[in-house]
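Colleague: Below you'll find model_21.txt; it's compact mmCIF, C-alpha atoms.
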# COMPACT_ATOMS: atom_id res chain seq x y z
CA MET A 1 0.00 0.00 0.00
CA GLY A 2 2.87 2.31 0.81
CA SER A 3 4.27 1.78 -2.71
CA ASP A 4 0.89 2.61 -4.33
CA GLU A 5 0.57 5.81 -2.30
CA THR A 6 4.08 6.83 -3.34
CA GLN A 7 3.27 6.26 -7.02
CA GLN A 8 0.07 8.29 -6.73
CA LEU A 9 1.98 11.12 -5.04
CA LEU A 10 4.62 11.10 -7.77
CA LEU A 11 1.94 11.12 -10.48
CA SER A 12 0.19 14.07 -8.78
CA GLU A 13 3.44 16.03 -8.56
CA SER A 14 4.18 15.19 -12.20
CA ARG A 15 0.80 16.55 -13.30
CA GLU A 16 1.29 19.76 -11.31
CA HIS A 17 4.75 20.19 -12.82
CA SER A 18 3.32 19.63 -16.33
CA LEU A 19 0.60 22.24 -15.78
CA LEU A 20 3.19 24.72 -14.52
CA ASN A 21 5.32 24.13 -17.62
CA GLU A 22 2.31 24.69 -19.88
CA LYS A 23 1.59 28.04 -18.18
CA ASN A 24 5.21 29.07 -18.53
CA ASP A 25 5.15 28.14 -22.24
CA LEU A 26 2.03 30.25 -22.65
CA LEU A 27 3.77 33.17 -20.99
CA GLN A 28 6.72 32.85 -23.37
CA ARG A 29 4.47 32.72 -26.45
CA ARG A 30 2.52 35.80 -25.37
CA LYS A 31 5.58 38.07 -25.11
CA PRO A 32 5.23 41.17 -27.35
CA ARG A 33 7.46 41.76 -30.35
CA CYS A 34 9.29 44.66 -28.74
CA GLY A 35 10.75 42.39 -26.12
CA GLY A 36 9.03 43.82 -23.05
CA THR A 37 6.42 42.30 -20.79
CA SER A 38 2.83 42.71 -21.93
CA GLU A 39 -0.16 43.32 -19.69
CA THR A 40 -1.43 39.81 -20.44
CA ASP A 41 1.92 38.31 -19.37
CA ILE A 42 1.79 40.16 -16.05
CA ASN A 43 -1.78 39.05 -15.46
CA LEU A 44 -0.85 35.42 -16.11
CA GLN A 45 2.15 35.61 -13.79
CA GLN A 46 0.06 37.22 -11.05
CA GLU A 47 -2.67 34.64 -11.64
CA GLN A 48 -0.10 31.95 -10.79
CA ASN A 49 0.75 33.75 -7.55
CA GLY A 50 -2.92 34.19 -6.64
CA VAL A 51 -2.93 37.95 -7.30
CA LEU A 52 -4.69 39.48 -10.29
CA GLN A 53 -3.88 43.06 -11.25
CA SER A 54 -3.65 44.92 -14.56
CA PRO A 55 -0.62 47.23 -14.67
CA LEU A 56 0.68 48.58 -17.96
CA SER A 57 4.24 47.90 -19.02
CA PRO A 58 6.38 51.08 -19.19
CA GLN A 59 9.15 49.28 -21.07
CA CYS A 60 7.78 49.46 -24.61
CA ILE A 61 5.04 50.99 -26.77
CA THR A 62 2.19 48.51 -26.84
CA GLU A 63 -0.25 48.07 -29.68
CA LYS A 64 -2.83 50.12 -27.79
CA GLN A 65 -0.40 53.01 -27.46
CA GLU A 66 0.45 52.76 -31.16
CA ALA A 67 -3.24 52.91 -32.04
CA GLU A 68 -3.68 55.97 -29.82
CA PHE A 69 -0.66 57.62 -31.47
CA LYS A 70 -2.09 57.02 -34.96
CA PHE A 71 -5.47 58.33 -33.85
CA ARG A 72 -3.86 61.50 -32.49
CA LEU A 73 -1.98 61.95 -35.77
CA VAL A 74 -5.21 61.67 -37.76
CA PHE A 75 -6.90 64.06 -35.34
CA LEU A 76 -4.10 66.57 -35.91
CA CYS A 77 -4.54 66.20 -39.69
CA LEU A 78 -8.27 66.88 -39.27
CA ALA A 79 -7.56 69.93 -37.12
CA ALA A 80 -5.09 71.23 -39.71
CA TYR A 81 -7.62 70.64 -42.51
CA LEU A 82 -10.44 72.40 -40.68
CA GLY A 83 -8.17 75.22 -39.55
CA THR A 84 -6.82 75.89 -43.04
CA GLY A 85 -10.26 75.53 -44.64
CA THR A 86 -11.91 77.81 -42.09
CA LEU A 87 -9.25 80.46 -42.65
CA CYS A 88 -9.63 80.27 -46.44
CA PHE A 89 -13.42 80.44 -46.36
CA TYR A 90 -13.33 83.19 -43.73
CA LEU A 91 -11.10 85.32 -45.95
CA THR A 92 -13.49 84.73 -48.86
CA SER A 93 -16.66 85.04 -46.77
CA TYR A 94 -17.77 88.06 -48.77
CA GLN A 95 -17.80 85.73 -51.81
CA ILE A 96 -20.15 83.26 -50.08
CA GLU A 97 -23.84 84.04 -49.96
CA GLY A 98 -26.69 82.57 -47.93
CA ILE A 99 -27.95 82.50 -44.33
CA LYS A 100 -25.13 83.94 -42.19
CA THR A 101 -24.62 84.14 -38.41
CA ASN A 102 -20.95 84.73 -37.51
CA GLY A 103 -18.09 85.06 -39.99
CA PHE A 104 -15.71 82.57 -38.36
CA LEU A 105 -18.44 80.12 -37.35
CA ASP A 106 -20.00 80.20 -40.82
CA ALA A 107 -16.61 79.49 -42.39
CA LEU A 108 -16.04 76.46 -40.10
CA TYR A 109 -19.60 75.23 -40.69
CA PHE A 110 -19.23 75.59 -44.46
CA CYS A 111 -15.93 73.71 -44.32
CA VAL A 112 -17.54 70.76 -42.46
CA VAL A 113 -20.59 70.70 -44.75
CA THR A 114 -18.26 70.67 -47.77
CA MET A 115 -15.94 68.00 -46.36
CA THR A 116 -18.81 65.60 -45.57
CA THR A 117 -20.54 66.34 -48.93
CA VAL A 118 -23.77 67.24 -47.09
CA GLY A 119 -24.10 70.49 -49.05
CA TYR A 120 -27.28 72.00 -47.60
CA GLY A 121 -27.17 75.00 -49.92
CA ASP A 122 -27.78 77.47 -47.07
CA LEU A 123 -24.27 78.80 -47.79
CA VAL A 124 -22.95 78.72 -51.37
CA PRO A 125 -19.86 80.16 -53.09
CA ASN A 126 -20.67 82.81 -55.70
CA SER A 127 -17.23 83.67 -57.10
CA THR A 128 -14.56 81.81 -59.09
CA ILE A 129 -12.07 81.70 -56.21
CA ALA A 130 -14.64 80.47 -53.69
CA LYS A 131 -15.89 77.80 -56.09
CA LEU A 132 -12.34 76.54 -56.78
CA LEU A 133 -11.64 76.38 -53.04
CA ALA A 134 -14.82 74.37 -52.54
CA CYS A 135 -13.77 71.93 -55.29
CA ILE A 136 -10.36 71.40 -53.68
CA TYR A 137 -11.70 70.96 -50.18
CA VAL A 138 -14.47 68.55 -51.08
CA PHE A 139 -11.99 66.03 -52.56
CA THR A 140 -9.33 66.40 -49.88
CA GLY A 141 -12.06 66.24 -47.24
CA MET A 142 -13.44 62.97 -48.60
CA ALA A 143 -9.98 61.39 -48.54
CA LEU A 144 -9.33 62.61 -45.00
CA GLY A 145 -12.80 61.49 -43.95
CA GLY A 146 -12.04 57.94 -45.07
CA LEU A 147 -8.82 57.93 -43.06
CA ILE A 148 -10.57 59.27 -39.97
CA LEU A 149 -13.31 56.70 -40.46
CA SER A 150 -10.84 53.85 -40.29
CA LYS A 151 -8.59 55.05 -37.47
CA ALA A 152 -11.30 56.41 -35.21
CA ALA A 153 -13.38 53.26 -35.51
CA ASP A 154 -10.38 51.03 -34.80
CA TYR A 155 -9.54 53.08 -31.72
CA ILE A 156 -13.10 53.00 -30.36
CA VAL A 157 -13.55 49.29 -31.07
CA GLU A 158 -10.25 48.46 -29.37
CA LYS A 159 -11.44 50.25 -26.23
CA GLN A 160 -14.75 48.39 -26.42
CA GLU A 161 -12.98 45.03 -26.81
CA ILE A 162 -10.94 45.69 -23.66
CA PHE A 163 -14.13 46.51 -21.77
CA LEU A 164 -15.86 43.39 -23.09
CA ALA A 165 -12.90 41.18 -22.15
CA GLU A 166 -12.83 42.54 -18.60
CA SER A 167 -16.60 42.16 -18.25
CA MET A 168 -16.57 38.59 -19.52
CA CYS A 169 -13.73 37.64 -17.17
CA LYS A 170 -15.51 39.12 -14.15
CA ALA A 171 -19.05 38.06 -14.96
CA GLU A 172 -18.54 34.57 -16.34
CA ASN A 173 -15.11 33.58 -15.03
CA PHE A 174 -13.78 33.03 -18.56
CA GLY A 175 -10.13 32.21 -18.93
CA LEU A 176 -7.83 34.31 -21.09
CA GLN A 177 -7.90 31.80 -23.94
CA GLU A 178 -11.71 31.64 -23.93
CA VAL A 179 -11.97 35.44 -23.99
CA ALA A 180 -9.50 35.68 -26.88
CA LYS A 181 -11.47 33.06 -28.81
CA GLU A 182 -14.78 34.83 -28.13
CA LEU A 183 -13.44 38.20 -29.28
CA GLY A 184 -11.75 36.65 -32.30
CA THR A 185 -14.86 34.88 -33.58
CA LYS A 186 -17.32 37.70 -32.80
CA LYS A 187 -15.13 40.74 -33.36
CA SER A 188 -17.04 41.89 -36.46
CA LYS A 189 -20.35 41.47 -34.66
CA TYR A 190 -19.16 43.55 -31.71
CA LYS A 191 -17.90 46.28 -34.04
CA PHE A 192 -21.17 46.38 -35.98
CA VAL A 193 -23.35 46.49 -32.85
CA LEU A 194 -21.21 49.26 -31.36
CA ALA A 195 -21.31 51.35 -34.54
CA VAL A 196 -25.10 50.95 -34.93
CA ALA A 197 -25.74 51.79 -31.27
CA THR A 198 -23.56 54.92 -31.53
CA PHE A 199 -25.34 55.93 -34.74
CA PHE A 200 -28.80 55.71 -33.13
CA VAL A 201 -27.60 57.79 -30.18
CA LEU A 202 -26.38 60.46 -32.62
CA MET A 203 -29.68 60.32 -34.53
CA ILE A 204 -31.64 60.90 -31.33
CA ALA A 205 -29.30 63.71 -30.23
CA GLY A 206 -29.61 65.48 -33.59
CA THR A 207 -33.41 65.19 -33.65
CA VAL A 208 -33.78 66.49 -30.10
CA PHE A 209 -31.43 69.40 -30.77
CA LEU A 210 -33.24 70.47 -33.95
CA TYR A 211 -36.59 70.17 -32.20
CA PHE A 212 -35.69 72.28 -29.17
CA ILE A 213 -32.97 74.67 -30.43
CA GLU A 214 -33.81 75.15 -34.13
CA ASN A 215 -37.56 75.08 -33.34
CA LEU A 216 -38.42 72.50 -35.99
CA ASP A 217 -41.35 70.15 -35.46
CA PHE A 218 -40.56 66.48 -34.84
CA VAL A 219 -41.06 65.30 -38.43
CA ASP A 220 -38.96 68.14 -39.89
CA ALA A 221 -36.24 67.54 -37.30
CA LEU A 222 -36.09 63.82 -38.14
CA TYR A 223 -36.24 64.65 -41.85
CA CYS A 224 -33.28 67.05 -41.51
CA VAL A 225 -31.30 64.46 -39.51
CA CYS A 226 -31.89 61.74 -42.12
CA SER A 227 -31.00 63.99 -45.05
CA THR A 228 -27.83 65.04 -43.22
CA VAL A 229 -26.45 61.68 -42.10
CA THR A 230 -27.01 60.23 -45.58
CA THR A 231 -25.33 63.37 -47.06
CA LEU A 232 -28.39 64.11 -49.22
CA GLY A 233 -28.57 67.64 -47.85
CA TYR A 234 -31.77 68.81 -49.57
CA GLY A 235 -31.27 72.23 -47.98
CA ASP A 236 -34.87 73.12 -47.15
CA LYS A 237 -34.13 72.30 -43.49
CA SER A 238 -30.73 72.99 -41.95
CA PHE A 239 -28.92 74.58 -39.01
CA SER A 240 -29.55 78.32 -39.24
CA THR A 241 -28.66 79.61 -35.74
CA ALA A 242 -25.21 80.19 -34.23
CA ALA A 243 -25.79 77.54 -31.54
CA GLY A 244 -27.08 75.12 -34.16
CA ARG A 245 -23.99 75.51 -36.32
CA ILE A 246 -21.65 75.01 -33.37
CA PHE A 247 -23.48 71.74 -32.67
CA ALA A 248 -23.54 70.85 -36.39
CA VAL A 249 -19.74 71.13 -36.72
CA PHE A 250 -19.27 68.18 -34.34
CA TRP A 251 -22.49 66.32 -35.00
CA ILE A 252 -22.28 66.21 -38.82
CA LEU A 253 -18.73 64.87 -38.72
CA SER A 254 -19.47 62.13 -36.19
CA SER A 255 -22.85 61.04 -37.55
CA THR A 256 -21.87 60.78 -41.23
CA ILE A 257 -18.69 58.87 -40.36
CA CYS A 258 -20.57 56.58 -37.98
CA LEU A 259 -23.20 55.67 -40.59
CA ALA A 260 -20.56 54.88 -43.20
CA GLN A 261 -18.67 52.74 -40.69
CA SER A 262 -21.85 50.85 -39.78
CA PHE A 263 -22.34 49.83 -43.42
CA ALA A 264 -18.67 48.85 -43.68
CA TYR A 265 -18.96 46.61 -40.61
CA LEU A 266 -22.19 45.11 -41.94
CA ALA A 267 -20.38 44.14 -45.14
CA GLU A 268 -17.49 42.74 -43.11
CA LEU A 269 -19.88 40.74 -40.94
CA TYR A 270 -21.63 39.30 -44.00
CA THR A 271 -18.32 38.41 -45.65
CA GLU A 272 -16.96 36.67 -42.56
CA ASP A 273 -20.21 34.75 -42.15
CA ARG A 274 -19.94 33.56 -45.75
CA GLN A 275 -16.32 32.54 -45.18
CA ARG A 276 -17.21 30.58 -42.04
CA SER A 277 -20.06 28.83 -43.86
CA LEU A 278 -17.73 27.92 -46.72
CA ALA A 279 -15.09 26.62 -44.31
CA LYS A 280 -17.67 24.54 -42.45
CA MET A 281 -18.96 23.08 -45.71
CA VAL A 282 -15.46 22.23 -46.92
CA LEU A 283 -14.46 20.59 -43.64
CA THR A 284 -17.63 18.51 -43.31
CA ARG A 285 -17.88 17.41 -46.94
CA LYS A 286 -17.03 13.78 -47.59
CA LEU A 287 -13.91 13.13 -49.64
CA SER A 288 -14.16 11.41 -52.99
CA LEU A 289 -11.51 9.66 -55.09
CA SER A 290 -11.21 12.76 -57.26
CA ASP A 291 -10.52 14.83 -54.13
CA LEU A 292 -7.83 12.34 -53.15
CA GLU A 293 -6.16 12.69 -56.53
CA ALA A 294 -6.34 16.48 -56.41
CA ALA A 295 -4.86 16.58 -52.90
CA ASP A 296 -1.95 14.30 -53.87
CA LEU A 297 0.49 17.06 -54.75
CA ASP A 298 3.59 14.87 -55.14
CA GLY A 299 1.80 12.09 -57.04
CA ASP A 300 2.84 9.24 -54.71
CA LYS A 301 -0.75 7.87 -54.47
CA ALA A 302 -0.92 8.87 -50.81
CA VAL A 303 -2.04 12.13 -49.17
CA SER A 304 0.00 13.36 -46.22
CA ALA A 305 -1.35 15.63 -43.49
CA ALA A 306 0.45 18.62 -45.06
CA GLU A 307 -1.07 17.90 -48.48
CA PHE A 308 -4.52 17.53 -46.94
CA VAL A 309 -4.20 20.89 -45.14
CA VAL A 310 -3.06 22.64 -48.33
CA TYR A 311 -5.92 21.12 -50.32
CA LYS A 312 -8.54 22.18 -47.77
CA LEU A 313 -7.12 25.71 -47.55
CA LYS A 314 -7.35 25.97 -51.33
CA GLU A 315 -10.99 24.86 -51.20
CA MET A 316 -11.76 27.49 -48.58
CA GLY A 317 -10.17 30.17 -50.74
CA LYS A 318 -7.54 30.96 -48.09
CA ILE A 319 -4.69 30.32 -50.53
CA ASN A 320 -4.34 29.80 -54.27
CA GLN A 321 -2.00 27.88 -56.55
CA GLU A 322 0.26 30.93 -57.01
CA ASP A 323 0.81 31.09 -53.25
CA ILE A 324 1.68 27.41 -53.11
CA SER A 325 4.08 27.69 -56.06
CA ALA A 326 5.87 30.66 -54.47
CA VAL A 327 6.28 28.81 -51.15
CA MET A 328 7.49 25.65 -52.87
CA GLU A 329 10.03 27.62 -54.87
CA SER A 330 11.34 29.18 -51.66
CA PHE A 331 11.56 25.68 -50.12
CA ARG A 332 13.54 24.34 -53.10
CA LYS A 333 16.05 27.16 -52.82
CA LEU A 334 16.59 26.41 -49.12
CA ASP A 335 16.77 22.63 -49.67
CA CYS A 336 20.40 22.66 -50.82
CA ASP A 337 20.92 18.88 -50.70
CA GLN A 338 17.61 18.21 -52.47
CA SER A 339 16.57 15.77 -49.73
CA GLY A 340 13.02 17.04 -49.50
CA THR A 341 13.56 18.21 -45.92
CA LEU A 342 15.21 21.25 -44.33
CA THR A 343 18.09 20.72 -41.90
CA GLU A 344 20.55 22.94 -40.08
CA ALA A 345 23.09 22.22 -42.80
CA ASP A 346 20.67 23.51 -45.45
CA ILE A 347 20.13 26.76 -43.54
CA ARG A 348 23.88 27.28 -43.03
CA ASN A 349 24.56 26.62 -46.73
CA SER A 350 21.81 29.02 -47.79
CA GLU A 351 23.31 31.74 -45.55
CA LEU A 352 26.75 31.21 -47.09
CA SER A 353 25.51 31.24 -50.69
Would you mind writing the file's structure down as structure tokens?
Modeller:
Amino acid sequence: MGSDETQQLLLSESREHSLLNEKNDLLQRRKPRCGGTSETDINLQQEQNGVLQSPLSPQCITEKQEAEFKFRLVFLCLAAYLGTGTLCFYLTSYQIEGIKTNGFLDALYFCVVTMTTVGYGDLVPNSTIAKLLACIYVFTGMALGGLILSKAADYIVEKQEIFLAESMCKAENFGLQEVAKELGTKKSKYKFVLAVATFFVLMIAGTVFLYFIENLDFVDALYCVCSTVTTLGYGDKSFSTAAGRIFAVFWILSSTICLAQSFAYLAELYTEDRQRSLAKMVLTRKLSLSDLEAADLDGDKAVSAAEFVVYKLKEMGKINQEDISAVMESFRKLDCDQSGTLTEADIRNSELS
């Protein structure tokens, strides 16, 4: 009996040691490219010690910090665009006719309306110089708007993913791997839901503002909001007061960008759903003799695991024959002894040649 108890104790210690090694391997694999310690690494290490905290590593710029830096850069570009455009349209304000409130505010408002292609028509250029400026700013504004659309949405979604991960860990006791899998498979859905929810909030805010501040009735307020966010800009209803145009400067930018991003995420969600359906169909479909022949890349009448993986990836549309040919050509160049396998000697010879 003493011998059996000893064996069980040794087996228990062996399992604990194996689990510890697996956690350490996971820590090593999760190290960031810059060589520092990521927040996830620290959390895993503290999880082993029974303490869970979330400090940020000061040793390197993380991906979140890089995203914030890019977002700030885009924001600076937008500020420069609006500043330059406002100055130009302010200096040519006497060449712009329509419903006016304040010279500087009207110039900024006209710049935003031009950039987003809303074009109400409540302010219009009536000289050659003003018309040429409007032509230049509408094209540069559309390009900048697309850039802002991408970077701002990525930044917001990244913040939302962090919040979702923390909530899932606290509420449902998910492990880190489960959370990563959940966010990976439903990332597009989360982005779409967030964009749509933000858009509806902006729609409500715009309607309420037009109803109470611009003194439009409910139908006209909703009508103006819809014609604005879709950039139709009929012009019969618009922001005509100073307070309304201050609000419009921020609201038009955010609402038009948010609507465009919602449609982009909807397309992404549909595409990913189609890809998952295709992958599921390919993986569950029964193999035929013709499939076996097609998967036999080297013609030896047998399909290896590598050949099977390549064949299935081709069926899913993940890779094509050109990709395979390029990889095989790279392999042949590295396989100096033509053995069909890569060894240390092959790598050394390829470095010398």
Colleague: Name the residues in contact with Asp122 of chain A at a cut-off of 12 Å, using only C-alpha atoms, excluding same-chain residues fewer than 2 positions from it; report them as a list in words.
Modeller: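 Counting only C-alpha atoms, the residues come to Ile96, Glu97, Gly98, Ile99, Lys100, Thr101, Asp106, Tyr109, Phe110, Val113, Thr114, Val118, Gly119, Tyr120, Val124, Pro125, Gly233, Tyr234, Gly235, Asp236, Lys237, Ser238, Phe239, Ser240, Thr241 and Arg245 of chain A.
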Colleague: Any idea what the distance is between atom CA of Met316 of chain A and atom CA of Asp296 of chain A?
Modeller: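 Between atom CA of Met316 of chain A and atom CA of Asp296 of chain A the gap works out to 17.3 Å.
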Colleague: If you take only C-alpha atoms and a cut-off of 10 Å, which residues of segment 243-270 of chain A touch segment 226-231 of chain A, and what are their nearest atom pairs and distances in Å to one decimal, in chain and number order, as JSON lines?
Modeller:
{"residue": "A:Ala248", "atom": "CA", "partner": "A:Thr228", "partner_atom": "CA", "distance": 9.9}
{"residue": "A:Trp251", "atom": "CA", "partner": "A:Val229", "partner_atom": "CA", "distance": 9.4}
{"residue": "A:Ile252", "atom": "CA", "partner": "A:Val229", "partner_atom": "CA", "distance": 7.0}
{"residue": "A:Leu253", "atom": "CA", "partner": "A:Val229", "partner_atom": "CA", "distance": 9.0}
{"residue": "A:Ser254", "atom": "CA", "partner": "A:Val229", "partner_atom": "CA", "distance": 9.2}
{"residue": "A:Ser255", "atom": "CA", "partner": "A:Val229", "partner_atom": "CA", "distance": 5.8}
{"residue": "A:Thr256", "atom": "CA", "partner": "A:Val229", "partner_atom": "CA", "distance": 4.7}
{"residue": "A:Ile257", "atom": "CA", "partner": "A:Val229", "partner_atom": "CA", "distance": 8.4}
{"residue": "A:Cys258", "atom": "CA", "partner": "A:Val229", "partner_atom": "CA", "distance": 8.8}
{"residue": "A:Leu259", "atom": "CA", "partner": "A:Val229", "partner_atom": "CA", "distance": 7.0}
{"residue": "A:Ala260", "atom": "CA", "partner": "A:Thr230", "partner_atom": "CA", "distance": 8.7}
Colleague: Can you tell me which residues surround Tyr311 of chain A at a distance of at most 9 Å, considering only C-alpha atoms, apart from same-chain residues fewer than 2 positions away, and format the answer as a ChimeraX atom specification?
Modeller: /A:291,294-297,306-309,313-316
Colleague: For Gly141 of chain A, please output as a PyMOL selection string all residues within 8 Å (counting all atoms listed in the file; exclusion window: fewer than 5 positions along the same chain).
Modeller: chain A and resi 81+114-116
